[in-house]
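Student: Sharing a structure, written as structure tokens. Questions coming.
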Amino acid sequence: MSAERGISLASRGRCREALPILKKTASHLANKQLKYRALMSTARCAMSLDQTATAVEALLVLNREFPHDPDVLYSSTHFYSELASRAAQELASTAPSSHQAEQLEAEAFESQENWDKAIAEYKKVLEQEPKVHGIHYRLGRIFLSKSPAEAEKAKAEFDEELKIDPDNASAEFLLGEIARQAGQWDEAIRHFSQASKLDEGFQEAYLALGMSLNSAGKFPDAIAPLQSYVKMQPGDPAGHYQLATAYARAGRKAEAEREMVLQREASARGPQAAQTPQ
């Protein structure tokens, strides 16, 4: 069978001969195990021959048809990392002074928590392209990550980001967090509300909005965003607790009791994946 021949050639390092065979046969195989081996060989050979499109196509099929296979997940991690590295090297060699190259450098420093160098590199990006999206947001996030956090500098950066990109829900959310931690409930409510409008799937924004409304004593207003949150994250005890509080203080005792039961059940199941504001 030609697929077997392609796999055999690939296993002996003869990828230039193997890949044309594998590209023709791999995606049409009915035998799942043979298809798996053929696609893995295709991805490996395509990577070795720098045929990016073919490698990515094989990985996409592997992840769709064998989604939980450890070798598929490992290979995907390895190959996508390699593709990213190659793209970064290509960018550095073909456009070393571009703002995109500067941004990659800044992101590398940010990942290392080298805040000062990251800030300097992001500012170089803004010198070249003052209106590029996301840079002021990243700078604001860095200022919040520093120890101690520099909240006023962060706030200024998020405000600048929203001038460039008014639809940035994450910038609105973090402005809300800064206000919430300062006990500025009305400002927090405004930002969290806007974040939830800009991104209707932004789960944390609904919880933070409900918490801020509760803290401001606006219990009836807190009910709707907290209801939205517990629908999205039914396993998070924090959501049920906050909703129970809103119900109770709004005079809806039966619903408050029900939410407290759900809160205890969620707590009994252990830590949840939901990220909740502290």
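Labels used: A, B, ... for chains in the order of the structure tokens, numbers from 1 for residues in each chain, and numbers from 1 for ligands as shown.
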Give the helix (DSSP H, G or I) residues of range 46-240 of chain A, as DSSP finds them on the backbone, and put them as a PyMOL selection string.
Tutor: chain A and resi 46-48+52-65+70-94+99-111+115-128+135-145+151-164+169-181+185-198+203-215+219-232+237-240
Student: Can you tell me, as a ChimeraX atom specification, what residues are no more than 12 Å from Gln128 in chain A when counting only C-alpha atoms, ignoring any on the same chain fewer than 6 positions away?
Tutor: /A:97-103,121-122,135
Student: Using only C-alpha atoms, which of A:Glu82, A:Asp116, A:Glu200, A:Glu259 sits nearest Pro234 in chain A?
Tutor: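 Ranked by minimum distance to Pro234 in chain A, first place goes to A:Glu259.
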Student: Quick one: of A:Lys123, A:Arg258, A:Arg44, A:Lys24, who's nearest to Ala244 in chain A, counting only C-alpha atoms?
Tutor: A:Arg258
Student: Considering only C-alpha atoms, state which residue in the set A:Ser267, A:Ser215, A:Gly210, A:Leu22 is at the smallest distance from Pro237 in chain A.
Tutor: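 The closest residue to Pro237 in chain A is A:Ser267.
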Student: Name the closest residue to Gly134 in chain A among the candidates A:Asp186, A:Asp221, A:Asp199, A:Glu157; distances are taken between atoms, counting only C-alpha atoms.
Tutor: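 Smallest separation from Gly134 in chain A among the options: A:Glu157.
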Student: Just want the 8 Å neighbourhood of Leu34 in chain A, counted on only C-alpha atoms, with same-chain residues fewer than 3 positions away dropped. Output as a list in words.
Tutor: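 Those residues are Ala3, Glu4, Leu29, Asn31, Arg37 and Ala38 of chain A.
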Student: If you keep all heavy atoms, can you produce a file of those selected residues as a compact mmCIF listing (two decimals), in the first residue's frame?
Tutor:
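Once everything was written out, this is result37.txt:
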# COMPACT_ATOMS: atom_id res chain seq x y z
N ALA A 3 0.46 4.25 1.27
CA ALA A 3 0.60 4.92 2.56
C ALA A 3 1.67 4.25 3.40
O ALA A 3 2.49 4.92 4.04
CB ALA A 3 -0.73 4.93 3.29
N GLU A 4 1.65 2.91 3.43
CA GLU A 4 2.67 2.17 4.17
C GLU A 4 4.06 2.48 3.63
O GLU A 4 5.02 2.62 4.39
CB GLU A 4 2.38 0.67 4.10
CG GLU A 4 1.15 0.22 4.85
CD GLU A 4 1.42 0.06 6.34
OE1 GLU A 4 2.46 0.55 6.82
OE2 GLU A 4 0.58 -0.56 7.01
N LEU A 29 -7.45 7.81 4.18
CA LEU A 29 -7.38 6.45 4.71
C LEU A 29 -8.57 6.14 5.62
O LEU A 29 -8.94 6.97 6.46
CB LEU A 29 -6.07 6.25 5.47
CG LEU A 29 -4.79 6.33 4.62
CD1 LEU A 29 -3.57 6.40 5.53
CD2 LEU A 29 -4.71 5.12 3.69
N ASN A 31 -8.63 3.23 7.56
CA ASN A 31 -8.06 2.59 8.75
C ASN A 31 -7.51 3.68 9.68
O ASN A 31 -6.56 4.39 9.34
CB ASN A 31 -6.95 1.63 8.32
CG ASN A 31 -6.35 0.88 9.48
OD1 ASN A 31 -5.87 1.46 10.44
ND2 ASN A 31 -6.37 -0.45 9.39
N ARG A 37 -0.74 7.10 11.79
CA ARG A 37 0.69 6.98 11.51
C ARG A 37 1.08 7.81 10.29
O ARG A 37 2.14 8.45 10.27
CB ARG A 37 1.07 5.52 11.29
CG ARG A 37 0.96 4.66 12.56
CD ARG A 37 1.04 3.17 12.23
NE ARG A 37 2.26 2.85 11.50
CZ ARG A 37 2.32 1.93 10.52
NH1 ARG A 37 1.24 1.24 10.18
NH2 ARG A 37 3.47 1.69 9.93
N ALA A 38 0.22 7.81 9.28
CA ALA A 38 0.52 8.56 8.05
C ALA A 38 0.52 10.06 8.32
O ALA A 38 1.39 10.79 7.83
CB ALA A 38 -0.50 8.21 6.97
Student: Excluding same-chain residues fewer than 6 positions from Leu262 in chain A, what lies within 12 Å of it counting only C-alpha atoms, as a ChimeraX atom specification?
Tutor: /A:230,233-244,255-256,268-269
Student: Could those residues be written to a file, using N, CA, C and O atoms, as a compact mmCIF listing (two decimals), in the first residue's frame?
Tutor:
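again23.txt, written as the output of this step:
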# COMPACT_ATOMS: atom_id res chain seq x y z
N VAL A 230 -23.43 33.03 37.27
CA VAL A 230 -23.61 31.66 37.76
C VAL A 230 -24.13 30.73 36.65
O VAL A 230 -23.91 29.52 36.71
N GLN A 233 -20.73 30.02 35.06
CA GLN A 233 -19.82 29.30 35.96
C GLN A 233 -20.61 28.73 37.14
O GLN A 233 -20.46 29.20 38.28
N PRO A 234 -21.44 27.72 36.89
CA PRO A 234 -22.27 27.18 37.98
C PRO A 234 -21.47 26.50 39.09
O PRO A 234 -21.99 26.30 40.18
N GLY A 235 -20.21 26.15 38.81
CA GLY A 235 -19.40 25.47 39.81
C GLY A 235 -18.59 26.39 40.70
O GLY A 235 -17.84 25.90 41.56
N ASP A 236 -18.71 27.70 40.54
CA ASP A 236 -17.91 28.62 41.34
C ASP A 236 -18.71 29.07 42.56
O ASP A 236 -19.70 29.79 42.42
N PRO A 237 -18.28 28.70 43.76
CA PRO A 237 -19.04 29.09 44.96
C PRO A 237 -19.11 30.59 45.16
O PRO A 237 -20.07 31.09 45.75
N ALA A 238 -18.10 31.34 44.69
CA ALA A 238 -18.11 32.79 44.89
C ALA A 238 -19.31 33.43 44.22
O ALA A 238 -19.93 34.36 44.77
N GLY A 239 -19.66 32.95 43.03
CA GLY A 239 -20.81 33.50 42.32
C GLY A 239 -22.10 33.26 43.08
O GLY A 239 -22.94 34.17 43.20
N HIS A 240 -22.28 32.05 43.58
CA HIS A 240 -23.50 31.73 44.33
C HIS A 240 -23.56 32.53 45.63
O HIS A 240 -24.64 32.98 46.04
N TYR A 241 -22.42 32.70 46.27
CA TYR A 241 -22.41 33.46 47.52
C TYR A 241 -22.81 34.92 47.27
O TYR A 241 -23.63 35.48 48.01
N GLN A 242 -22.22 35.51 46.24
CA GLN A 242 -22.55 36.90 45.95
C GLN A 242 -24.01 37.06 45.54
O GLN A 242 -24.68 38.02 45.93
N LEU A 243 -24.52 36.09 44.76
CA LEU A 243 -25.92 36.16 44.35
C LEU A 243 -26.85 35.96 45.54
O LEU A 243 -27.88 36.63 45.66
N ALA A 244 -26.48 35.06 46.44
CA ALA A 244 -27.28 34.85 47.65
C ALA A 244 -27.34 36.13 48.47
O ALA A 244 -28.40 36.51 49.00
N GLU A 255 -34.94 32.60 47.32
CA GLU A 255 -33.90 32.49 46.31
C GLU A 255 -32.51 32.58 46.94
O GLU A 255 -31.57 31.90 46.49
N ALA A 256 -32.39 33.39 47.98
CA ALA A 256 -31.11 33.48 48.70
C ALA A 256 -30.75 32.14 49.33
O ALA A 256 -29.59 31.70 49.25
N ALA A 268 -18.06 22.17 48.40
CA ALA A 268 -17.75 20.79 48.76
C ALA A 268 -17.05 20.06 47.63
O ALA A 268 -16.29 19.10 47.88
N ARG A 269 -17.27 20.52 46.40
CA ARG A 269 -16.62 19.85 45.26
C ARG A 269 -15.18 20.28 45.09
O ARG A 269 -14.46 19.72 44.26
Student: Quick one: everything within 12 Å of range 46-54 of chain A, counting only C-alpha atoms, minus sequence neighbours fewer than 3 positions away in the same chain. Send it as number ranges by chain.
Tutor: A: 10, 13-20, 22-24, 26-27, 38-43, 57-61, 75-76, 78-84, 86-87
Student: Convert the current residue selection to file output with N, CA, C and O atoms, as a short mmCIF file (atom, residue, chain, number, x, y, z; two decimals), in the first residue's frame.
Tutor:
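Wrote out30.cif, looks like this:
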data_model
loop_
_atom_site.label_atom_id
_atom_site.label_comp_id
_atom_site.auth_asym_id
_atom_site.auth_seq_id
_atom_site.Cartn_x
_atom_site.Cartn_y
_atom_site.Cartn_z
N ALA A 10 9.53 7.63 5.35
CA ALA A 10 9.68 8.68 6.37
C ALA A 10 10.48 8.18 7.56
O ALA A 10 11.30 8.92 8.12
N GLY A 13 14.09 8.50 7.14
CA GLY A 13 14.61 9.84 6.88
C GLY A 13 14.55 10.26 5.43
O GLY A 13 15.14 11.29 5.08
N ARG A 14 13.83 9.52 4.59
CA ARG A 14 13.75 9.85 3.16
C ARG A 14 12.49 10.68 2.90
O ARG A 14 11.60 10.29 2.15
N CYS A 15 12.43 11.84 3.56
CA CYS A 15 11.21 12.64 3.55
C CYS A 15 10.88 13.23 2.19
O CYS A 15 9.70 13.43 1.86
N ARG A 16 11.89 13.55 1.39
CA ARG A 16 11.60 14.12 0.07
C ARG A 16 10.84 13.13 -0.81
O ARG A 16 10.00 13.52 -1.63
N GLU A 17 11.11 11.85 -0.64
CA GLU A 17 10.37 10.82 -1.36
C GLU A 17 9.04 10.51 -0.68
O GLU A 17 8.03 10.27 -1.33
N ALA A 18 9.04 10.53 0.64
CA ALA A 18 7.86 10.12 1.41
C ALA A 18 6.73 11.13 1.35
O ALA A 18 5.55 10.76 1.24
N LEU A 19 7.08 12.42 1.41
CA LEU A 19 6.03 13.43 1.60
C LEU A 19 5.02 13.49 0.46
O LEU A 19 3.80 13.57 0.73
N PRO A 20 5.44 13.43 -0.81
CA PRO A 20 4.43 13.45 -1.88
C PRO A 20 3.45 12.28 -1.77
O PRO A 20 2.24 12.44 -2.04
N LEU A 22 2.63 10.63 1.06
CA LEU A 22 1.80 10.83 2.25
C LEU A 22 0.74 11.92 2.01
O LEU A 22 -0.40 11.78 2.46
N LYS A 23 1.08 12.97 1.32
CA LYS A 23 0.13 14.05 1.05
C LYS A 23 -1.04 13.56 0.20
O LYS A 23 -2.17 14.01 0.38
N LYS A 24 -0.77 12.63 -0.66
CA LYS A 24 -1.84 12.09 -1.52
C LYS A 24 -2.74 11.12 -0.79
O LYS A 24 -3.93 11.01 -1.09
N ALA A 26 -2.76 10.24 2.98
CA ALA A 26 -3.02 10.24 4.42
C ALA A 26 -4.46 10.61 4.78
O ALA A 26 -5.09 9.94 5.61
N SER A 27 -4.99 11.68 4.19
CA SER A 27 -6.31 12.17 4.61
C SER A 27 -7.46 11.29 4.12
O SER A 27 -8.60 11.45 4.57
N ALA A 38 0.22 7.81 9.28
CA ALA A 38 0.52 8.56 8.05
C ALA A 38 0.52 10.06 8.32
O ALA A 38 1.39 10.79 7.83
N LEU A 39 -0.43 10.54 9.10
CA LEU A 39 -0.50 11.97 9.40
C LEU A 39 0.67 12.42 10.28
O LEU A 39 1.23 13.50 10.07
N MET A 40 1.04 11.59 11.25
CA MET A 40 2.19 11.93 12.07
C MET A 40 3.46 11.98 11.22
O MET A 40 4.29 12.90 11.38
N SER A 41 3.61 11.05 10.31
CA SER A 41 4.77 11.06 9.42
C SER A 41 4.73 12.28 8.51
O SER A 41 5.78 12.89 8.23
N THR A 42 3.54 12.64 8.05
CA THR A 42 3.39 13.83 7.20
C THR A 42 3.85 15.08 7.95
O THR A 42 4.61 15.90 7.41
N ALA A 43 3.37 15.24 9.19
CA ALA A 43 3.74 16.41 9.97
C ALA A 43 5.25 16.48 10.20
O ALA A 43 5.88 17.54 10.04
N GLU A 57 -1.61 21.65 8.31
CA GLU A 57 -2.81 20.91 7.88
C GLU A 57 -2.85 19.52 8.53
O GLU A 57 -3.90 19.08 9.00
N ALA A 58 -1.72 18.83 8.55
CA ALA A 58 -1.68 17.50 9.17
C ALA A 58 -1.97 17.59 10.67
O ALA A 58 -2.70 16.77 11.22
N LEU A 59 -1.42 18.60 11.34
CA LEU A 59 -1.66 18.77 12.77
C LEU A 59 -3.13 19.08 13.06
O LEU A 59 -3.69 18.58 14.04
N LEU A 60 -3.75 19.88 12.21
CA LEU A 60 -5.17 20.19 12.41
C LEU A 60 -6.03 18.94 12.30
O LEU A 60 -6.95 18.72 13.10
N VAL A 61 -5.73 18.08 11.33
CA VAL A 61 -6.49 16.84 11.18
C VAL A 61 -6.24 15.91 12.36
O VAL A 61 -7.17 15.30 12.91
N SER A 75 3.32 16.46 20.00
CA SER A 75 3.84 16.88 18.70
C SER A 75 3.32 18.26 18.33
O SER A 75 4.05 19.09 17.78
N SER A 76 2.05 18.52 18.64
CA SER A 76 1.48 19.83 18.34
C SER A 76 2.23 20.92 19.10
O SER A 76 2.58 21.97 18.54
N HIS A 78 5.28 20.81 20.28
CA HIS A 78 6.64 20.91 19.76
C HIS A 78 6.68 21.61 18.41
O HIS A 78 7.47 22.54 18.19
N PHE A 79 5.81 21.17 17.48
CA PHE A 79 5.85 21.71 16.12
C PHE A 79 5.38 23.17 16.08
O PHE A 79 5.98 24.00 15.39
N TYR A 80 4.31 23.50 16.80
CA TYR A 80 3.84 24.89 16.79
C TYR A 80 4.89 25.81 17.42
O TYR A 80 5.07 26.95 16.98
N SER A 81 5.56 25.32 18.45
CA SER A 81 6.64 26.10 19.06
C SER A 81 7.76 26.34 18.06
O SER A 81 8.30 27.44 17.95
N GLU A 82 8.08 25.31 17.31
CA GLU A 82 9.13 25.43 16.30
C GLU A 82 8.71 26.40 15.19
O GLU A 82 9.51 27.22 14.72
N LEU A 83 7.43 26.31 14.78
CA LEU A 83 6.94 27.23 13.75
C LEU A 83 6.99 28.67 14.24
O LEU A 83 7.35 29.58 13.48
N ALA A 84 6.64 28.88 15.50
CA ALA A 84 6.69 30.22 16.07
C ALA A 84 8.13 30.73 16.10
O ALA A 84 8.40 31.90 15.79
N ARG A 86 10.58 29.84 14.13
CA ARG A 86 11.01 30.13 12.76
C ARG A 86 10.45 31.47 12.28
O ARG A 86 11.15 32.26 11.64
N ALA A 87 9.18 31.71 12.59
CA ALA A 87 8.56 32.97 12.18
C ALA A 87 9.25 34.15 12.85
O ALA A 87 9.48 35.20 12.23
#
Student: Out of A:Arg12, A:His133, A:Lys32, A:Lys218, which residue has the shortest atom-to-atom distance to Pro166 in chain A when counting only C-alpha atoms?
Tutor: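 Going through A:Arg12, A:His133, A:Lys32, A:Lys218 one by one, the smallest distance to Pro166 in chain A is for A:His133.
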Student: What lies within 10 Å of Met232 in chain A using only C-alpha atoms, ignoring chain neighbours under 6 positions off, as a ChimeraX atom specification?
Tutor: /A:201-204,206,226,239,274
Student: Can you list, as an MDAnalysis selection string, every protein, DNA or RNA residue that comes within 12 Å of range 143-154 of chain A when you count only C-alpha atoms, leaving out same-chain residues fewer than 5 positions away?
Tutor: chainID A and resid 110:111 113:116 118:119 135:138 159:161 171:172 174:182
Student: Tell me, in Å to one decimal, how far CA of Ala188 in chain A is from CA of Leu209 in chain A.
Tutor: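 Computing it gives 7.5 Å between the two atoms.
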Student: Of the candidates A:Ala169, A:Val56, A:Ile7, A:Met260, which one gets nearest to Tyr36 in chain A if we count only C-alpha atoms?
Tutor: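 For Tyr36 in chain A, the nearest of the given residues is A:Ile7.
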